[in-house]
Amino acid sequence: MSITVLDPTNEPIKTAFEMATRPETLKGLVLGLIDNGKKNSDYLVKKIGDRLREHHGLEGAIHVRKPSPSHAVPEDAARELAEKTDLVLAGIGD
Amino acid sequence: MSQGLVSEKIEYESPEDAVETFFQKGWTDGLPVVPPTERKVLAFLGTAGLAPDEILGAIPERNRVFTAEKVAINAVMAGCLPEYFPVVVAAVRGISRPEFGLHGVSASTAGTGILIVVNGPVSQELGINSGQNLMAPGNRANATIGRALRLVLYNLGGREFDRSTLGHPGKYTFCISEQESRWEPLHVMRGQAKETSAVTLFAAEGPNQVQNHSALKPENILNTMADRMRALGSFNMGGDVEFAVIICPEHYETLISAEWSKKGVQEYLFEKACRPLADLKRGGLNEAPLVPGDEETMLRAVSSPDRILLIMAGGVAGRFSACMPGWFNRHMSRAVTEPIGPSCKGGT
């Protein structure tokens with residue numbers, strides 16, 4: 001006896017987006033640093049930012065700490081990063 | 001016939017083939033499922049009064065959405081009866097609230113389960129167990145409502161995100177009901193009307209059983225509970241996380257005979273579930289060096305009495321209560337209480 005059943009799974013909703021243009025050099029650019037709020041995440045992304053500034057001539061960096069690793073970057077912080085930075089590095093720590 | 005269902009239909013030669021193929025496709029929790037036929041799914045949606053495309057919740061960080069149709073399919077698979085479905089719906093709505101932090105809860109290496117506590121008239125109407133063998137197998141409503149939530153997370157939320165180091169058995173199913181007593185029910189303490197049926201969802205470790213068969217004084221029973229609550233290895237000690245505490249009927253009788261209210265119990269446990277900062281430093285949970293005063297500086301398991309979710313439940317025999325630490329911290333996940341929808345018999 002055949003049986004017809006329904007697929008219980010779904011797929012993530014796909015949203016169209018374009019990749020940002022990759023800079024050819026970091027010289028004179030402002031870097032956004034997102035740490036996920038876990039232990040040492042702030043330390044890790046700050047160190048990376050310092051190294052990039054030291055060796056690749058970054059103009060500056062803006063540090064954003066997520067209030068919770070479980071949640072997305074708050075909208076106002078995301079807007080600030082979009083307006084004031086040229087590229088963003090998202091880091092994790094644990 | 002499909003009445004708006006959009007899920008792909010798959011034909012198998014027999015129900016056994018369907019069950020086996022679901023295993024192979026990774027669509028189960030490791031146990032056999034009930035094949036989700038269109039007829040059954042429509043019956044579930046009809047019971048809850050939901051259109052198939054109604055969105056019950058989501059995990060926005062993963063671009064995952066839970067439609068009523070897909071949740072119903074997974075509830076059928078879990079073995080639910082149609083009348084259980086409004087409870088599952090409320091649970092899915094609850095865990096999707098931002099403060100529950102579902103993305104982290106369902107991905108964390110900490111392997112937390114999601115405790116479902118059902119209160120209100122629906123508990124009795126659906127036969128949700130609040131008594132003997134409270135958290136153990138044997139009762140269909142408890143087993144399948146909790147299981148449905150896990151199948152939703154795996155099949156709709158993305159099982160690949162679950163990175164639990166150990167997990168715990170409550171991740172198969174973790175649904176209980178609170179007994180009616182002279183104590184204020186959990187959902188009332190959390191702002192619902194007594195006649196409302198509601199689910200409270202809490203990201204919890206597995207249950208830590210606390211036995212005390214000799215104490216006849218409330219304080220002695222609660223001191224035993226507080227001792228378990230202040231264990232070093234949970235997120236609660238030194239953090240800011242909620243705690244679930246289940247008081248069994250025999251312990252409850254001792255407490256209520258001495259006129260202890262739930263609030264009184266919460267306040268007592270809040271005071272007693274603490275330990276010196278020095279202990280955390282010795283455990284390396286606080287990396288600062290030991291300094292004079294650390295033995296006297298006390299840290300608590302919860303940051304206020306109302307962060308203890310106090311539940312009365314369990315079998316009439318035995319002086320075994322339990323506690324369940326929470327997950328990570330309250331900024332990442334907080335317990336939520338969600339009313340069960342109007343279509344659920346007995347709910348409001």
# chains A, B, ... in the order shown; residues from 1 in each chain; ligands from 1

call {"tool": "interface_residues", "arguments": {"of": "chain A", "to": "chain B", "cutoff": "12 Å", "atoms": "only C-alpha atoms", "output": "list in words"}}
result
Met1, Ser2, Ile3, Thr4, Val5, Leu6, Asp7, Pro8, Thr9, Asn10, Glu11, Pro12, Ile13, Lys14, Thr15, Asn36, Gly37, Lys38, Lys39, Lys66, Pro67, Ser68, Pro69, Ser70, His71, Ala72, Val73, Pro74 and Asp94 of chain A

call {"tool": "residues_around", "arguments": {"residues": "segment 50-64 of chain A", "least_positions_apart": "2", "cutoff": "7 Å", "atoms": "only C-alpha atoms", "output": "list in words"}}
result
Leu26, Lys27, Gly28, Leu29, Val30, Leu31, Gly32, Leu33, Ile34, Asp35, Lys46, Lys47, Ile48, Lys66 and Ala77 of chain A

call {"tool": "atom_distance", "arguments": {"atom1": "atom CA of Ile145 of chain B", "atom2": "atom CA of Phe174 of chain B"}}
result
8.4 Å
